[in-house]
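Remarks on the structure that follows.
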Amino acid sequence: MEVLNIFIKAIFIDNMIFAFFLGMCSYLAVSKSVKTAIGLGAAVIFVLGMTVPLNYLLENYLLKPGALSWLLGEKEAAGIDLSFLSFILFIAVVAAFVQLVEMSVEKFLPALYGALGIFLPLIAVNCSILGGALFMQERQYPSILHATSFAVGSGIGWAIAIILLAAIRERIRYSHVPAPLRGLGISFILTGLMGIAFMSFMGIKF
Amino acid sequence: MSTTEVKKAPKEGLFSKKNRKLITDPLNDSNPVTVQVLGICSALAVTVQVKNAFVMAASVTAVTILGNVLMSLMRNIVPNRIRIIVQLVVVAALVIIVDQTLKAFVYDVSKQLSVFVGLIITNCIIMGRIEAFALGNKPWPSVLDGLGNGLGYGIVLMTLGVVRELFGSGKLWGAQVLPESWIYSVNNPDGWYVLNNFIILPPMALMLVGLYIWIQRARNTKLIES
């Protein structure tokens with residue numbers, strides 16, 4: 001039940017875009033057509049769903065205070081705290097994984113690779129991915145199942161947000177927006193309005 | 001003999017017109033947040049209080065300058081194929097230093113910024129400036145470029161921070177600016193100002209950036225998108 005709760009919360013209430021503004025750069029840059037938005041959304045769900053559990057293992061068996069007890073024994077490991085290294089290890093995992101995804105998509109799904117081409121490597125510097133790993137570290141989820149459901153939920157929340165914005169932006173091309181507000185400005189205000197709508201999910205609990 | 005003499009280029013001053021432009025351009029015409037659409041994530045999340053916004057802006061400026069300088073010094077020895085990894089390692093190392101410094105000196109602010117200090121690594125301003133500028137320029141212009149972009153980011157953050165903290169909680173930098181007697185509450189029904197709690201919530205940050213862009217582009221019409 002708690003796992004499901006974390007999942008729903010990550011999608012709607014603690015939405016990566018509307019509550020934490022993570023991954024805004026690619027969210028604003030790639031939301032011009034629904035098709036590419038769906039592709040990027042799927043890629044983000046996949047990469048988040050894979051890297052957060054990997055980083056969870058790193059965090060719990062290597063980095064956090066006393067995590068090395070499986071290697072050195074309880075007593076010797078108690079004084080070791082490697083958590084200052086977490087940024088560099090997390091980003092290395094993310095970068096390596098994105099590279100792997102890019103290579104395998106190029107080999108096995110060339111059509112998708114052609115459609116996503118430029119945006120795939122961008123995922124490595126998408127802050128929602130590293131943010132997912134850092135939130136996992138901060139919130140100290142009790143098991144890898146919790147961490148995975150949080151990661152997949154966050155990815156789905158991000159994908160929903162970018163697809164919705166892309167759909168609105170395809171429509172808004174035909175409306176009269178004040179000239180200085182065109183493009184970037186109106187996207188921000190639209191995102192704000194969508195954020196207000198998503199805040200209405202706040203009371204949901206399972 | 002005198003005809004073959006190579007004309008020496010006049011030495012450029014440290015703050016020549018070209019170099020000054022590196023600092024002033026990112027403040028308005030090519031502002032990293034509102035024009036280049038970089039580094040927005042953290043710009044929105046940390047602006048509930050001016051103090052947090054200032055610490056964040058200072059950290060990002062420091063990392064941008066140092067990252068720019070280091071990559072500019074290394075630009076001729078780093079092979080092109082592995083430059084992204086080298087950049088990530090340099091930036092991540094700098095961010096670890098910043099994070100540990102903040103934890104040592106301003107622990108409460110570092111707790112409030114939570115994951116966003118770590119997210120300086122993926123702040124697109126830093127990677128963007130290294131890619132676009134430091135890899136092709138000498139160290140000193142890279143310093144100025146880093147400083148300019150850091151300040152451009154800082155201006156947006158501070159503006160948002162001032163507006164949100166002043167109207168949202170009547171304070172600036174944690175100090176009460178609007179007197180308690182002006183602020184309406186159950187205990188003080190004479191107050192004429194009702195604190196705007198909505199401005200502290202996340203969606204309002206997005207709208208404020210939208211308004212900022214609107215005002216900026218109305219004054220600087222060459223930025224308008226077609």
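The way I read the labels, and the way they are meant: chains A, B, ... in the order of the structure tokens, residue 1 as the first residue of every chain, and ligand 1 as the first ligand shown, with later ones counted on from there.
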Residues of chain A within 7 Å of chain B, only C-alpha atoms counted, as number ranges by chain: A: 18-25, 84, 87-88, 125-127, 131, 134-135, 179-183, 185-186, 188-189, 191-193, 195-196
Now that the selection is made, can you save its residues with N, CA and C atoms as a PDB file, in the first residue's frame?
```
ATOM      1  N   PHE A  18       5.737  20.407 -11.755  1.00  0.00           N
ATOM      2  CA  PHE A  18       4.910  21.435 -11.128  1.00  0.00           C
ATOM      3  C   PHE A  18       5.294  21.706  -9.687  1.00  0.00           C
ATOM      4  N   ALA A  19       5.893  20.727  -9.000  1.00  0.00           N
ATOM      5  CA  ALA A  19       6.230  20.970  -7.604  1.00  0.00           C
ATOM      6  C   ALA A  19       7.710  21.262  -7.413  1.00  0.00           C
ATOM      7  N   PHE A  20       8.572  20.669  -8.249  1.00  0.00           N
ATOM      8  CA  PHE A  20      10.013  20.853  -8.040  1.00  0.00           C
ATOM      9  C   PHE A  20      10.713  21.501  -9.220  1.00  0.00           C
ATOM     10  N   PHE A  21      10.012  21.734 -10.309  1.00  0.00           N
ATOM     11  CA  PHE A  21      10.601  22.382 -11.496  1.00  0.00           C
ATOM     12  C   PHE A  21      11.831  21.654 -12.011  1.00  0.00           C
ATOM     13  N   LEU A  22      11.857  20.337 -11.957  1.00  0.00           N
ATOM     14  CA  LEU A  22      13.045  19.640 -12.443  1.00  0.00           C
ATOM     15  C   LEU A  22      12.859  19.246 -13.902  1.00  0.00           C
ATOM     16  N   GLY A  23      13.929  19.352 -14.657  1.00  0.00           N
ATOM     17  CA  GLY A  23      13.875  19.023 -16.079  1.00  0.00           C
ATOM     18  C   GLY A  23      13.146  20.059 -16.898  1.00  0.00           C
ATOM     19  N   MET A  24      13.126  21.318 -16.389  1.00  0.00           N
ATOM     20  CA  MET A  24      12.398  22.368 -17.105  1.00  0.00           C
ATOM     21  C   MET A  24      13.003  22.692 -18.467  1.00  0.00           C
ATOM     22  N   CYS A  25      14.332  22.607 -18.579  1.00  0.00           N
ATOM     23  CA  CYS A  25      14.973  23.066 -19.822  1.00  0.00           C
ATOM     24  C   CYS A  25      14.473  22.242 -21.004  1.00  0.00           C
ATOM     25  N   PHE A  84      29.763  12.169   0.651  1.00  0.00           N
ATOM     26  CA  PHE A  84      30.158  13.354  -0.133  1.00  0.00           C
ATOM     27  C   PHE A  84      30.487  12.975  -1.563  1.00  0.00           C
ATOM     28  N   PHE A  87      27.399  12.747  -5.401  1.00  0.00           N
ATOM     29  CA  PHE A  87      27.127  13.498  -6.644  1.00  0.00           C
ATOM     30  C   PHE A  87      27.881  12.886  -7.817  1.00  0.00           C
ATOM     31  N   ILE A  88      29.179  12.649  -7.597  1.00  0.00           N
ATOM     32  CA  ILE A  88      30.024  12.244  -8.717  1.00  0.00           C
ATOM     33  C   ILE A  88      29.668  10.822  -9.157  1.00  0.00           C
ATOM     34  N   VAL A 125      21.864  15.339 -18.949  1.00  0.00           N
ATOM     35  CA  VAL A 125      21.914  16.568 -18.168  1.00  0.00           C
ATOM     36  C   VAL A 125      20.508  17.064 -17.836  1.00  0.00           C
ATOM     37  N   ASN A 126      19.520  16.160 -17.912  1.00  0.00           N
ATOM     38  CA  ASN A 126      18.168  16.516 -17.489  1.00  0.00           C
ATOM     39  C   ASN A 126      18.130  16.411 -15.969  1.00  0.00           C
ATOM     40  N   CYS A 127      17.821  17.532 -15.295  1.00  0.00           N
ATOM     41  CA  CYS A 127      17.960  17.482 -13.839  1.00  0.00           C
ATOM     42  C   CYS A 127      16.939  16.577 -13.182  1.00  0.00           C
ATOM     43  N   GLY A 131      17.941  14.548 -10.115  1.00  0.00           N
ATOM     44  CA  GLY A 131      17.065  14.927  -9.011  1.00  0.00           C
ATOM     45  C   GLY A 131      16.382  13.715  -8.397  1.00  0.00           C
ATOM     46  N   LEU A 134      18.811  12.074  -6.166  1.00  0.00           N
ATOM     47  CA  LEU A 134      19.105  12.844  -4.949  1.00  0.00           C
ATOM     48  C   LEU A 134      17.923  12.821  -3.981  1.00  0.00           C
ATOM     49  N   PHE A 135      16.680  12.864  -4.525  1.00  0.00           N
ATOM     50  CA  PHE A 135      15.508  12.767  -3.649  1.00  0.00           C
ATOM     51  C   PHE A 135      15.468  11.394  -2.975  1.00  0.00           C
ATOM     52  N   ALA A 179       2.483  40.016 -28.291  1.00  0.00           N
ATOM     53  CA  ALA A 179       3.779  39.724 -28.917  1.00  0.00           C
ATOM     54  C   ALA A 179       4.908  39.438 -27.925  1.00  0.00           C
ATOM     55  N   PRO A 180       5.104  40.247 -26.864  1.00  0.00           N
ATOM     56  CA  PRO A 180       6.248  39.962 -25.996  1.00  0.00           C
ATOM     57  C   PRO A 180       6.092  38.663 -25.201  1.00  0.00           C
ATOM     58  N   LEU A 181       4.868  38.154 -25.168  1.00  0.00           N
ATOM     59  CA  LEU A 181       4.610  36.966 -24.354  1.00  0.00           C
ATOM     60  C   LEU A 181       4.717  35.691 -25.175  1.00  0.00           C
ATOM     61  N   ARG A 182       4.832  35.832 -26.499  1.00  0.00           N
ATOM     62  CA  ARG A 182       4.841  34.661 -27.375  1.00  0.00           C
ATOM     63  C   ARG A 182       5.992  33.721 -27.072  1.00  0.00           C
ATOM     64  N   GLY A 183       5.782  32.437 -27.298  1.00  0.00           N
ATOM     65  CA  GLY A 183       6.852  31.462 -27.133  1.00  0.00           C
ATOM     66  C   GLY A 183       7.101  31.142 -25.670  1.00  0.00           C
ATOM     67  N   GLY A 185       7.323  33.024 -22.824  1.00  0.00           N
ATOM     68  CA  GLY A 185       6.524  33.624 -21.760  1.00  0.00           C
ATOM     69  C   GLY A 185       5.224  32.884 -21.528  1.00  0.00           C
ATOM     70  N   ILE A 186       4.491  32.643 -22.619  1.00  0.00           N
ATOM     71  CA  ILE A 186       3.192  31.998 -22.461  1.00  0.00           C
ATOM     72  C   ILE A 186       3.349  30.560 -21.985  1.00  0.00           C
ATOM     73  N   PHE A 188       5.523  29.516 -19.833  1.00  0.00           N
ATOM     74  CA  PHE A 188       5.655  29.579 -18.374  1.00  0.00           C
ATOM     75  C   PHE A 188       4.299  29.762 -17.719  1.00  0.00           C
ATOM     76  N   ILE A 189       3.505  30.694 -18.257  1.00  0.00           N
ATOM     77  CA  ILE A 189       2.212  30.972 -17.620  1.00  0.00           C
ATOM     78  C   ILE A 189       1.292  29.754 -17.739  1.00  0.00           C
ATOM     79  N   THR A 191       2.282  26.657 -17.857  1.00  0.00           N
ATOM     80  CA  THR A 191       2.749  25.667 -16.888  1.00  0.00           C
ATOM     81  C   THR A 191       2.263  26.022 -15.490  1.00  0.00           C
ATOM     82  N   GLY A 192       2.271  27.323 -15.172  1.00  0.00           N
ATOM     83  CA  GLY A 192       1.764  27.745 -13.878  1.00  0.00           C
ATOM     84  C   GLY A 192       0.303  27.367 -13.699  1.00  0.00           C
ATOM     85  N   LEU A 193      -0.501  27.608 -14.741  1.00  0.00           N
ATOM     86  CA  LEU A 193      -1.924  27.272 -14.651  1.00  0.00           C
ATOM     87  C   LEU A 193      -2.112  25.764 -14.494  1.00  0.00           C
ATOM     88  N   GLY A 195       0.000  23.817 -13.156  1.00  0.00           N
ATOM     89  CA  GLY A 195       0.434  23.514 -11.801  1.00  0.00           C
ATOM     90  C   GLY A 195      -0.680  23.726 -10.789  1.00  0.00           C
ATOM     91  N   ILE A 196      -1.460  24.813 -10.981  1.00  0.00           N
ATOM     92  CA  ILE A 196      -2.596  25.060 -10.078  1.00  0.00           C
ATOM     93  C   ILE A 196      -3.574  23.899 -10.169  1.00  0.00           C
TER      94      ILE A 196
END
```
Which of segment 104-204 of chain B DSSP labels alpha helix (DSSP H), written as JSON, numbers by chain: {"B": [104, 105, 107, 108, 109, 110, 111, 112, 113, 115, 116, 117, 118, 124, 125, 126, 127, 128, 129, 130, 131, 132, 139, 140, 141, 142, 143, 144, 145, 146, 147, 148, 149, 150, 151, 152, 153, 154, 155, 156, 157, 158, 159, 160, 161, 162, 163, 164, 165, 166, 167, 168, 169, 202, 203, 204]}
Using only C-alpha atoms, please write the residues we just selected to a file, as a PDB file, in the first residue's frame.
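Output saved as part-v8.pdb:
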```
ATOM      1  CA  ALA B 104      30.213  23.996   6.972  1.00  0.00           C
ATOM      2  CA  PHE B 105      29.249  27.688   7.050  1.00  0.00           C
ATOM      3  CA  TYR B 107      24.083  24.725   7.395  1.00  0.00           C
ATOM      4  CA  ASP B 108      20.455  25.861   7.661  1.00  0.00           C
ATOM      5  CA  VAL B 109      20.433  27.339   4.145  1.00  0.00           C
ATOM      6  CA  SER B 110      22.079  24.214   2.753  1.00  0.00           C
ATOM      7  CA  LYS B 111      19.320  22.114   4.380  1.00  0.00           C
ATOM      8  CA  GLN B 112      16.631  24.290   2.796  1.00  0.00           C
ATOM      9  CA  LEU B 113      18.221  24.152  -0.646  1.00  0.00           C
ATOM     10  CA  VAL B 115      18.786  18.585  -3.550  1.00  0.00           C
ATOM     11  CA  PHE B 116      19.203  21.779  -5.520  1.00  0.00           C
ATOM     12  CA  VAL B 117      22.849  22.234  -4.535  1.00  0.00           C
ATOM     13  CA  GLY B 118      23.616  18.849  -6.070  1.00  0.00           C
ATOM     14  CA  CYS B 124      22.497  23.855 -18.077  1.00  0.00           C
ATOM     15  CA  ILE B 125      24.071  27.316 -17.694  1.00  0.00           C
ATOM     16  CA  ILE B 126      27.342  25.773 -16.600  1.00  0.00           C
ATOM     17  CA  MET B 127      27.544  23.070 -19.263  1.00  0.00           C
ATOM     18  CA  GLY B 128      26.202  25.523 -21.833  1.00  0.00           C
ATOM     19  CA  ARG B 129      28.814  28.200 -21.138  1.00  0.00           C
ATOM     20  CA  ILE B 130      31.654  25.661 -21.088  1.00  0.00           C
ATOM     21  CA  GLU B 131      30.521  24.208 -24.420  1.00  0.00           C
ATOM     22  CA  ALA B 132      29.724  27.506 -26.082  1.00  0.00           C
ATOM     23  CA  PRO B 139      40.986  31.931 -19.576  1.00  0.00           C
ATOM     24  CA  TRP B 140      40.433  35.644 -18.812  1.00  0.00           C
ATOM     25  CA  PRO B 141      37.487  36.177 -21.180  1.00  0.00           C
ATOM     26  CA  SER B 142      36.113  32.891 -19.819  1.00  0.00           C
ATOM     27  CA  VAL B 143      36.223  34.314 -16.285  1.00  0.00           C
ATOM     28  CA  LEU B 144      34.276  37.368 -17.428  1.00  0.00           C
ATOM     29  CA  ASP B 145      31.790  35.261 -19.358  1.00  0.00           C
ATOM     30  CA  GLY B 146      31.226  33.043 -16.325  1.00  0.00           C
ATOM     31  CA  LEU B 147      30.801  36.096 -14.093  1.00  0.00           C
ATOM     32  CA  GLY B 148      28.372  37.733 -16.511  1.00  0.00           C
ATOM     33  CA  ASN B 149      26.203  34.663 -16.848  1.00  0.00           C
ATOM     34  CA  GLY B 150      26.281  34.038 -13.125  1.00  0.00           C
ATOM     35  CA  LEU B 151      25.124  37.621 -12.527  1.00  0.00           C
ATOM     36  CA  GLY B 152      22.434  37.331 -15.200  1.00  0.00           C
ATOM     37  CA  TYR B 153      21.122  34.251 -13.395  1.00  0.00           C
ATOM     38  CA  GLY B 154      21.465  36.026 -10.058  1.00  0.00           C
ATOM     39  CA  ILE B 155      19.424  39.051 -11.183  1.00  0.00           C
ATOM     40  CA  VAL B 156      16.436  36.896 -12.086  1.00  0.00           C
ATOM     41  CA  LEU B 157      16.736  34.919  -8.857  1.00  0.00           C
ATOM     42  CA  MET B 158      16.992  37.998  -6.657  1.00  0.00           C
ATOM     43  CA  THR B 159      14.062  39.747  -8.373  1.00  0.00           C
ATOM     44  CA  LEU B 160      11.864  36.698  -7.919  1.00  0.00           C
ATOM     45  CA  GLY B 161      13.118  36.241  -4.363  1.00  0.00           C
ATOM     46  CA  VAL B 162      12.350  39.832  -3.357  1.00  0.00           C
ATOM     47  CA  VAL B 163       8.851  39.771  -4.863  1.00  0.00           C
ATOM     48  CA  ARG B 164       7.957  36.374  -3.402  1.00  0.00           C
ATOM     49  CA  GLU B 165       9.310  36.970   0.083  1.00  0.00           C
ATOM     50  CA  LEU B 166       7.980  40.541   0.381  1.00  0.00           C
ATOM     51  CA  PHE B 167       4.418  39.812  -0.759  1.00  0.00           C
ATOM     52  CA  GLY B 168       4.311  36.252   0.533  1.00  0.00           C
ATOM     53  CA  SER B 169       5.565  36.724   4.066  1.00  0.00           C
ATOM     54  CA  PRO B 202       5.265  26.619  -6.840  1.00  0.00           C
ATOM     55  CA  PRO B 203       2.823  27.564  -9.658  1.00  0.00           C
ATOM     56  CA  MET B 204       3.179  31.260  -8.883  1.00  0.00           C
TER      57      MET B 204
END
```
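Remark: for Lys35 of chain A, the closest of the candidate residues A:Val94, A:Leu165, A:Leu109, A:Met103 is A:Leu165 (distances computed over only C-alpha atoms).
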Length of the atom CA of Ala134 of chain B to atom CA of Asn68 of chain B vector [Å]: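 Answer for the atom CA of Ala134 of chain B to atom CA of Asn68 of chain B separation: 5.3 Å.
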Atom CA of Ile77 of chain B to atom CA of Leu130 of chain A, straight-line distance in Å: 28.6 Å
